[in-house]
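This is run-v2.pdb. It holds PDB, C-alpha atoms, pLDDT in the B column.
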```pdb
ATOM      1  CA  MET A 208      37.202 -57.639   6.332  1.00 72.00           C
ATOM      2  CA  ARG A 209      35.312 -60.748   7.204  1.00 87.00           C
ATOM      3  CA  PHE A 210      34.496 -61.906  10.706  1.00 92.00           C
ATOM      4  CA  LEU A 211      34.191 -65.631  11.189  1.00 90.00           C
ATOM      5  CA  GLY A 212      33.742 -67.854  14.198  1.00 91.00           C
ATOM      6  CA  GLU A 213      31.905 -68.133  17.480  1.00 95.00           C
ATOM      7  CA  ILE A 214      33.950 -67.540  20.602  1.00 97.00           C
ATOM      8  CA  GLN A 215      32.745 -67.793  24.180  1.00 97.00           C
ATOM      9  CA  CYS A 216      33.998 -64.940  26.353  1.00 97.00           C
ATOM     10  CA  THR A 217      33.610 -63.827  29.947  1.00 97.00           C
ATOM     11  CA  VAL A 218      32.252 -60.452  31.016  1.00 96.00           C
ATOM     12  CA  ASP A 219      34.199 -59.192  34.027  1.00 95.00           C
ATOM     13  CA  ASP A 220      32.640 -57.475  37.047  1.00 93.00           C
ATOM     14  CA  LYS A 221      33.095 -54.046  35.438  1.00 93.00           C
ATOM     15  CA  GLY A 222      31.280 -55.095  32.240  1.00 94.00           C
ATOM     16  CA  ARG A 223      34.400 -55.512  30.102  1.00 96.00           C
ATOM     17  CA  ILE A 224      35.000 -58.182  27.474  1.00 97.00           C
ATOM     18  CA  LYS A 225      38.411 -59.103  26.131  1.00 97.00           C
ATOM     19  CA  MET A 226      38.378 -59.066  22.336  1.00 96.00           C
ATOM     20  CA  PRO A 227      39.691 -62.483  21.261  1.00 95.00           C
ATOM     21  CA  THR A 228      42.917 -62.236  19.252  1.00 94.00           C
ATOM     22  CA  VAL A 229      41.395 -64.131  16.329  1.00 92.00           C
ATOM     23  CA  MET A 230      38.617 -61.505  16.056  1.00 94.00           C
ATOM     24  CA  LYS A 231      40.932 -58.552  16.680  1.00 93.00           C
ATOM     25  CA  LYS A 232      43.112 -59.658  13.752  1.00 92.00           C
ATOM     26  CA  GLN A 233      40.067 -59.509  11.465  1.00 91.00           C
ATOM     27  CA  PHE A 234      39.503 -55.753  12.078  1.00 92.00           C
ATOM     28  CA  PRO A 235      40.825 -53.366   9.442  1.00 89.00           C
ATOM     29  CA  ALA A 236      44.167 -51.893  10.551  1.00 89.00           C
ATOM     30  CA  SER A 237      42.840 -48.421   9.733  1.00 90.00           C
ATOM     31  CA  ASP A 238      40.271 -48.693  12.552  1.00 89.00           C
ATOM     32  CA  SER A 239      43.058 -48.703  15.186  1.00 87.00           C
ATOM     33  CA  GLY A 240      40.988 -50.714  17.669  1.00 88.00           C
ATOM     34  CA  ARG A 241      37.965 -48.394  17.334  1.00 95.00           C
ATOM     35  CA  PHE A 242      34.432 -49.562  16.536  1.00 97.00           C
ATOM     36  CA  MET A 243      30.767 -48.788  17.088  1.00 97.00           C
ATOM     37  CA  ILE A 244      28.546 -50.888  19.342  1.00 97.00           C
ATOM     38  CA  ALA A 245      24.736 -50.861  19.551  1.00 96.00           C
ATOM     39  CA  LYS A 246      21.655 -52.989  20.138  1.00 96.00           C
ATOM     40  CA  ASP A 247      21.151 -55.314  17.170  1.00 95.00           C
ATOM     41  CA  ILE A 248      17.861 -56.157  15.453  1.00 92.00           C
ATOM     42  CA  GLU A 249      18.204 -59.622  16.997  1.00 90.00           C
ATOM     43  CA  ASP A 250      18.139 -60.027  20.793  1.00 90.00           C
ATOM     44  CA  CYS A 251      21.860 -59.217  21.093  1.00 95.00           C
ATOM     45  CA  LEU A 252      24.410 -56.435  20.621  1.00 97.00           C
ATOM     46  CA  VAL A 253      26.412 -55.725  17.491  1.00 97.00           C
ATOM     47  CA  ILE A 254      29.924 -54.422  16.894  1.00 97.00           C
ATOM     48  CA  TYR A 255      30.455 -52.502  13.671  1.00 97.00           C
ATOM     49  CA  PRO A 256      34.022 -51.814  12.541  1.00 96.00           C
ATOM     50  CA  MET A 257      34.246 -48.125  11.642  1.00 96.00           C
ATOM     51  CA  GLN A 258      34.257 -48.879   7.892  1.00 93.00           C
ATOM     52  CA  THR A 259      31.119 -50.989   8.231  1.00 94.00           C
ATOM     53  CA  TRP A 260      29.381 -48.380  10.376  1.00 96.00           C
ATOM     54  CA  ASP A 261      30.193 -45.657   7.825  1.00 95.00           C
ATOM     55  CA  LYS A 262      28.417 -47.700   5.129  1.00 95.00           C
ATOM     56  CA  GLN A 263      25.495 -48.407   7.468  1.00 94.00           C
ATOM     57  CA  GLU A 264      25.195 -44.729   8.333  1.00 95.00           C
ATOM     58  CA  GLN A 265      25.144 -43.775   4.650  1.00 96.00           C
ATOM     59  CA  LYS A 266      22.240 -46.160   4.070  1.00 96.00           C
ATOM     60  CA  LEU A 267      20.360 -44.901   7.146  1.00 95.00           C
ATOM     61  CA  SER A 268      20.821 -41.261   6.112  1.00 95.00           C
ATOM     62  CA  LYS A 269      18.778 -41.995   2.964  1.00 97.00           C
ATOM     63  CA  LEU A 270      15.700 -42.712   5.095  1.00 97.00           C
ATOM     64  CA  SER A 271      13.171 -39.905   5.479  1.00 97.00           C
ATOM     65  CA  ASP A 272      12.763 -38.177   8.834  1.00 95.00           C
ATOM     66  CA  PHE A 273       9.196 -37.411   7.742  1.00 97.00           C
ATOM     67  CA  ASN A 274       8.255 -41.085   7.438  1.00 97.00           C
ATOM     68  CA  PRO A 275       7.271 -42.569  10.845  1.00 96.00           C
ATOM     69  CA  THR A 276       8.430 -46.083   9.847  1.00 97.00           C
ATOM     70  CA  HIS A 277      11.826 -44.780   8.734  1.00 97.00           C
ATOM     71  CA  ARG A 278      12.220 -42.752  11.953  1.00 96.00           C
ATOM     72  CA  ALA A 279      11.277 -45.755  14.079  1.00 96.00           C
ATOM     73  CA  PHE A 280      13.780 -47.952  12.264  1.00 95.00           C
ATOM     74  CA  LYS A 281      16.603 -45.398  12.582  1.00 95.00           C
ATOM     75  CA  ASN A 282      15.855 -45.016  16.281  1.00 94.00           C
ATOM     76  CA  ALA A 283      15.758 -48.781  16.817  1.00 93.00           C
ATOM     77  CA  ILE A 284      18.981 -49.489  14.914  1.00 92.00           C
ATOM     78  CA  THR A 285      20.905 -46.838  16.866  1.00 94.00           C
ATOM     79  CA  VAL A 286      19.812 -47.769  20.409  1.00 93.00           C
ATOM     80  CA  GLY A 287      22.853 -47.382  22.635  1.00 93.00           C
ATOM     81  CA  LEU A 288      25.099 -46.552  19.670  1.00 96.00           C
ATOM     82  CA  THR A 289      28.516 -45.767  21.118  1.00 96.00           C
ATOM     83  CA  GLU A 290      32.002 -45.431  19.707  1.00 96.00           C
ATOM     84  CA  MET A 291      34.386 -47.730  21.555  1.00 96.00           C
ATOM     85  CA  GLU A 292      38.106 -48.355  21.620  1.00 95.00           C
ATOM     86  CA  LEU A 293      40.009 -51.371  22.876  1.00 96.00           C
ATOM     87  CA  ASP A 294      42.102 -50.649  25.959  1.00 95.00           C
ATOM     88  CA  ASN A 295      45.737 -51.746  26.381  1.00 95.00           C
ATOM     89  CA  ALA A 296      44.563 -55.238  27.375  1.00 96.00           C
ATOM     90  CA  ASP A 297      42.284 -55.522  24.290  1.00 96.00           C
ATOM     91  CA  ARG A 298      39.144 -55.134  26.409  1.00 97.00           C
ATOM     92  CA  PHE A 299      36.054 -53.058  25.723  1.00 97.00           C
ATOM     93  CA  LEU A 300      33.364 -51.912  28.125  1.00 95.00           C
ATOM     94  CA  ILE A 301      29.681 -52.702  27.672  1.00 95.00           C
ATOM     95  CA  SER A 302      27.732 -49.740  29.055  1.00 92.00           C
ATOM     96  CA  LYS A 303      25.040 -50.366  31.654  1.00 90.00           C
ATOM     97  CA  SER A 304      22.400 -49.228  29.152  1.00 90.00           C
ATOM     98  CA  LEU A 305      23.531 -51.877  26.642  1.00 94.00           C
ATOM     99  CA  MET A 306      24.240 -54.564  29.256  1.00 93.00           C
ATOM    100  CA  ARG A 307      20.504 -55.062  29.784  1.00 90.00           C
ATOM    101  CA  TYR A 308      20.206 -56.377  26.221  1.00 90.00           C
ATOM    102  CA  ILE A 309      22.503 -59.264  27.047  1.00 91.00           C
ATOM    103  CA  SER A 310      20.820 -59.854  30.418  1.00 87.00           C
ATOM    104  CA  SER A 311      23.911 -58.790  32.379  1.00 80.00           C
ATOM    105  CA  ALA A 312      25.351 -62.169  31.361  1.00 86.00           C
ATOM    106  CA  LYS A 313      28.746 -63.308  32.600  1.00 94.00           C
ATOM    107  CA  GLU A 314      29.222 -65.616  29.598  1.00 96.00           C
ATOM    108  CA  VAL A 315      28.725 -64.263  26.091  1.00 97.00           C
ATOM    109  CA  ILE A 316      29.281 -65.481  22.550  1.00 97.00           C
ATOM    110  CA  LEU A 317      31.065 -63.251  20.064  1.00 98.00           C
ATOM    111  CA  LYS A 318      29.763 -64.393  16.685  1.00 97.00           C
ATOM    112  CA  GLY A 319      31.339 -63.194  13.468  1.00 96.00           C
ATOM    113  CA  GLN A 320      28.721 -62.283  10.901  1.00 94.00           C
ATOM    114  CA  PHE A 321      30.499 -61.204   7.718  1.00 93.00           C
ATOM    115  CA  ASP A 322      31.264 -57.495   8.292  1.00 95.00           C
ATOM    116  CA  ARG A 323      30.213 -57.284  11.961  1.00 96.00           C
ATOM    117  CA  ILE A 324      30.305 -59.154  15.260  1.00 97.00           C
ATOM    118  CA  GLN A 325      27.260 -60.010  17.332  1.00 97.00           C
ATOM    119  CA  ILE A 326      27.478 -60.276  21.123  1.00 97.00           C
ATOM    120  CA  TRP A 327      24.998 -62.769  22.544  1.00 97.00           C
ATOM    121  CA  ASP A 328      24.147 -63.819  26.073  1.00 96.00           C
ATOM    122  CA  ALA A 329      25.406 -67.436  25.842  1.00 95.00           C
ATOM    123  CA  ASN A 330      22.096 -68.877  27.075  1.00 94.00           C
ATOM    124  CA  LYS A 331      19.968 -66.745  24.723  1.00 93.00           C
ATOM    125  CA  TYR A 332      22.214 -67.669  21.823  1.00 94.00           C
ATOM    126  CA  GLU A 333      21.714 -71.386  22.434  1.00 92.00           C
ATOM    127  CA  GLN A 334      17.926 -70.896  22.566  1.00 90.00           C
ATOM    128  CA  TYR A 335      18.015 -68.785  19.394  1.00 89.00           C
ATOM    129  CA  ILE A 336      20.067 -71.372  17.508  1.00 88.00           C
ATOM    130  CA  GLN A 337      17.883 -74.264  18.647  1.00 85.00           C
ATOM    131  CA  GLY A 338      14.744 -72.362  17.584  1.00 82.00           C
ATOM    132  CA  ASN A 339      16.166 -71.634  14.139  1.00 78.00           C
ATOM    133  CA  ILE A 340      17.568 -75.119  13.603  1.00 78.00           C
ATOM    134  CA  SER A 341      14.144 -76.615  14.200  1.00 78.00           C
ATOM    135  CA  ASN A 342      12.739 -74.221  11.590  1.00 79.00           C
ATOM    136  CA  ILE A 343      15.662 -74.270   9.133  1.00 84.00           C
ATOM    137  CA  SER A 344      13.746 -75.833   6.240  1.00 86.00           C
ATOM    138  CA  ALA A 345      11.187 -73.030   6.135  1.00 84.00           C
ATOM    139  CA  ILE A 346      13.902 -70.398   6.582  1.00 85.00           C
ATOM    140  CA  ALA A 347      16.035 -71.938   3.807  1.00 88.00           C
ATOM    141  CA  GLU A 348      13.083 -72.010   1.413  1.00 90.00           C
ATOM    142  CA  ASP A 349      12.287 -68.348   2.040  1.00 90.00           C
ATOM    143  CA  VAL A 350      15.940 -67.302   1.679  1.00 91.00           C
ATOM    144  CA  ALA A 351      16.370 -69.343  -1.518  1.00 92.00           C
ATOM    145  CA  LYS A 352      13.378 -67.567  -3.086  1.00 92.00           C
ATOM    146  CA  TYR A 353      14.850 -64.195  -2.192  1.00 92.00           C
ATOM    147  CA  ILE A 354      18.312 -65.065  -3.553  1.00 93.00           C
ATOM    148  CA  ASP A 355      16.763 -66.358  -6.787  1.00 92.00           C
ATOM    149  CA  SER A 356      14.761 -63.134  -7.207  1.00 90.00           C
ATOM    150  CA  VAL A 357      17.864 -60.980  -6.658  1.00 88.00           C
ATOM    151  CA  GLU A 358      20.031 -63.037  -8.998  1.00 90.00           C
ATOM    152  CA  ASN A 359      17.400 -62.930 -11.740  1.00 83.00           C
ATOM    153  CA  LYS A 360      17.230 -59.122 -11.842  1.00 73.00           C
TER     154      LYS A 360
END
```

Could you rewrite the structure in this file as structure tokens?
Amino acid sequence: MRFLGEIQCTVDDKGRIKMPTVMKKQFPASDSGRFMIAKDIEDCLVIYPMQTWDKQEQKLSKLSDFNPTHRAFKNAITVGLTEMELDNADRFLISKSLMRYISSAKEVILKGQFDRIQIWDANKYEQYIQGNISNISAIAEDVAKYIDSVENK
């Protein structure tokens, strides 16, 4: 599974978003329209297909409950974590507790990011992109160093 693209969507008055067909087709058939949604590390929400969440959960379970940093990270990465299912109209509901992380926006961007989908307030996303584009050289240099170190192991 690989999620690609950026699609602008509308949040209806009840807090529902229609999953775009192009994104829905990218979900594994075995998930049957089910996924996990939570607050992301970035200032947005994240949708994890069930297969992706299972892998994420396995990694998180290796962290120690006796280490305060590990506990804090596990708590942060699971804020609002909820299992969701698309309804008959391919919509999903953003809970009120998660809606605050996208500023109760009426326009959102669903952004494919490899094995997951981010949900951004459209205005915040534009600000985020502009901030990173202006700093892309420094980011690229740092990422290149990391990739080189991983490839040379």

Contacts of Ile301 of chain A at 7 Å (all atoms listed in the file; same-chain gap of 5+ positions) as a PDB file with C-alpha atoms, keeping the file's coordinate frame:
```
ATOM      1  CA  GLY A 222      31.280 -55.095  32.240  1.00 94.00           C
ATOM      2  CA  ARG A 223      34.400 -55.512  30.102  1.00 96.00           C
ATOM      3  CA  MET A 306      24.240 -54.564  29.256  1.00 93.00           C
TER       4      MET A 306
END
```

For atom CA of Gln320 of chain A and atom CA of Gly212 of chain A, the interatomic separation in Å (one decimal) |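 Atom-to-atom, atom CA of Gln320 of chain A and atom CA of Gly212 of chain A are spaced 8.2 Å apart.
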
Within 10 Å of Met230 of chain A, counting all atoms listed in the file, which residues qualify if same-chain residues fewer than 6 places away don't, as a PyMOL selection string?
-> chain A and resi 209-214+317-319+324

Length of the atom CA of Asn330 of chain A to atom CA of Pro227 of chain A vector [Å] =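 Separation between atom CA of Asn330 of chain A and atom CA of Pro227 of chain A: 19.6 Å.
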
Selected residue, from A:Leu293, A:Ala283, A:Val357, A:Ala345, that lies nearest to Gly240 of chain A when counting only C-alpha atoms | A:Leu293

What do you get, as a ChimeraX atom specification, if you spell out every residue that the PyMOL selection byres ((chain A and resi 215) around 6) selects here?
-> /A:214,216,315-316

Mind giving me the straight-line distance from atom CA of Ser302 of chain A to atom CA of Lys331 of chain A in Å, one decimal?
->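 Straight-line distance from atom CA of Ser302 of chain A to atom CA of Lys331 of chain A works out to 19.2 Å.
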
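Remark: for Asp238 of chain A, the closest of the candidate residues A:Lys225, A:Gln263, A:Ser271, A:Glu290 is A:Glu290 (distances computed over only C-alpha atoms).
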
Identify, on the basis of only C-alpha atoms, every residue whose closest approach to Thr289 of chain A does not exceed 8 Å; exclude the query and any residue fewer than 4 positions from it along the same chain; express the result as a ChimeraX atom specification.
-> /A:243-245

Expected selection from the PyMOL selection byres ((chain A and resi 295) around 12), given as a list in words =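 So the PyMOL selection byres ((chain A and resi 295) around 12), applied here, picks out Lys225, Met226, Ser239, Gly240, Glu292, Leu293, Asp294, Ala296, Asp297, Arg298 and Phe299 of chain A.
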
Using the chain letters and numbers from the file, which residues does the PyMOL selection byres ((chain A and resi 326) around 6) grab, as number ranges by chain?
-> A: 251-253, 316-317, 325, 327

Using only C-alpha atoms, which of A:Ala351, A:Ala279, A:Leu300, A:Ile254 sits nearest Leu267 of chain A?
->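 Smallest distance to Leu267 of chain A is found for A:Ala279.
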
Segment 324-329 of chain A: axis-aligned bounding box, 4 Å on each side, centre and edge lengths in Å, one decimal, as lines of an AutoDock Vina configuration file:
```
center_x = 27.2
center_y = -63.3
center_z = 20.7
size_x = 14.2
size_y = 16.3
size_z = 18.8
```

Using only C-alpha atoms, which residue out of A:Met208, A:Ile346, A:Lys281, A:Leu270 lies closest to Lys232 of chain A?
->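 Closest candidate: A:Met208.
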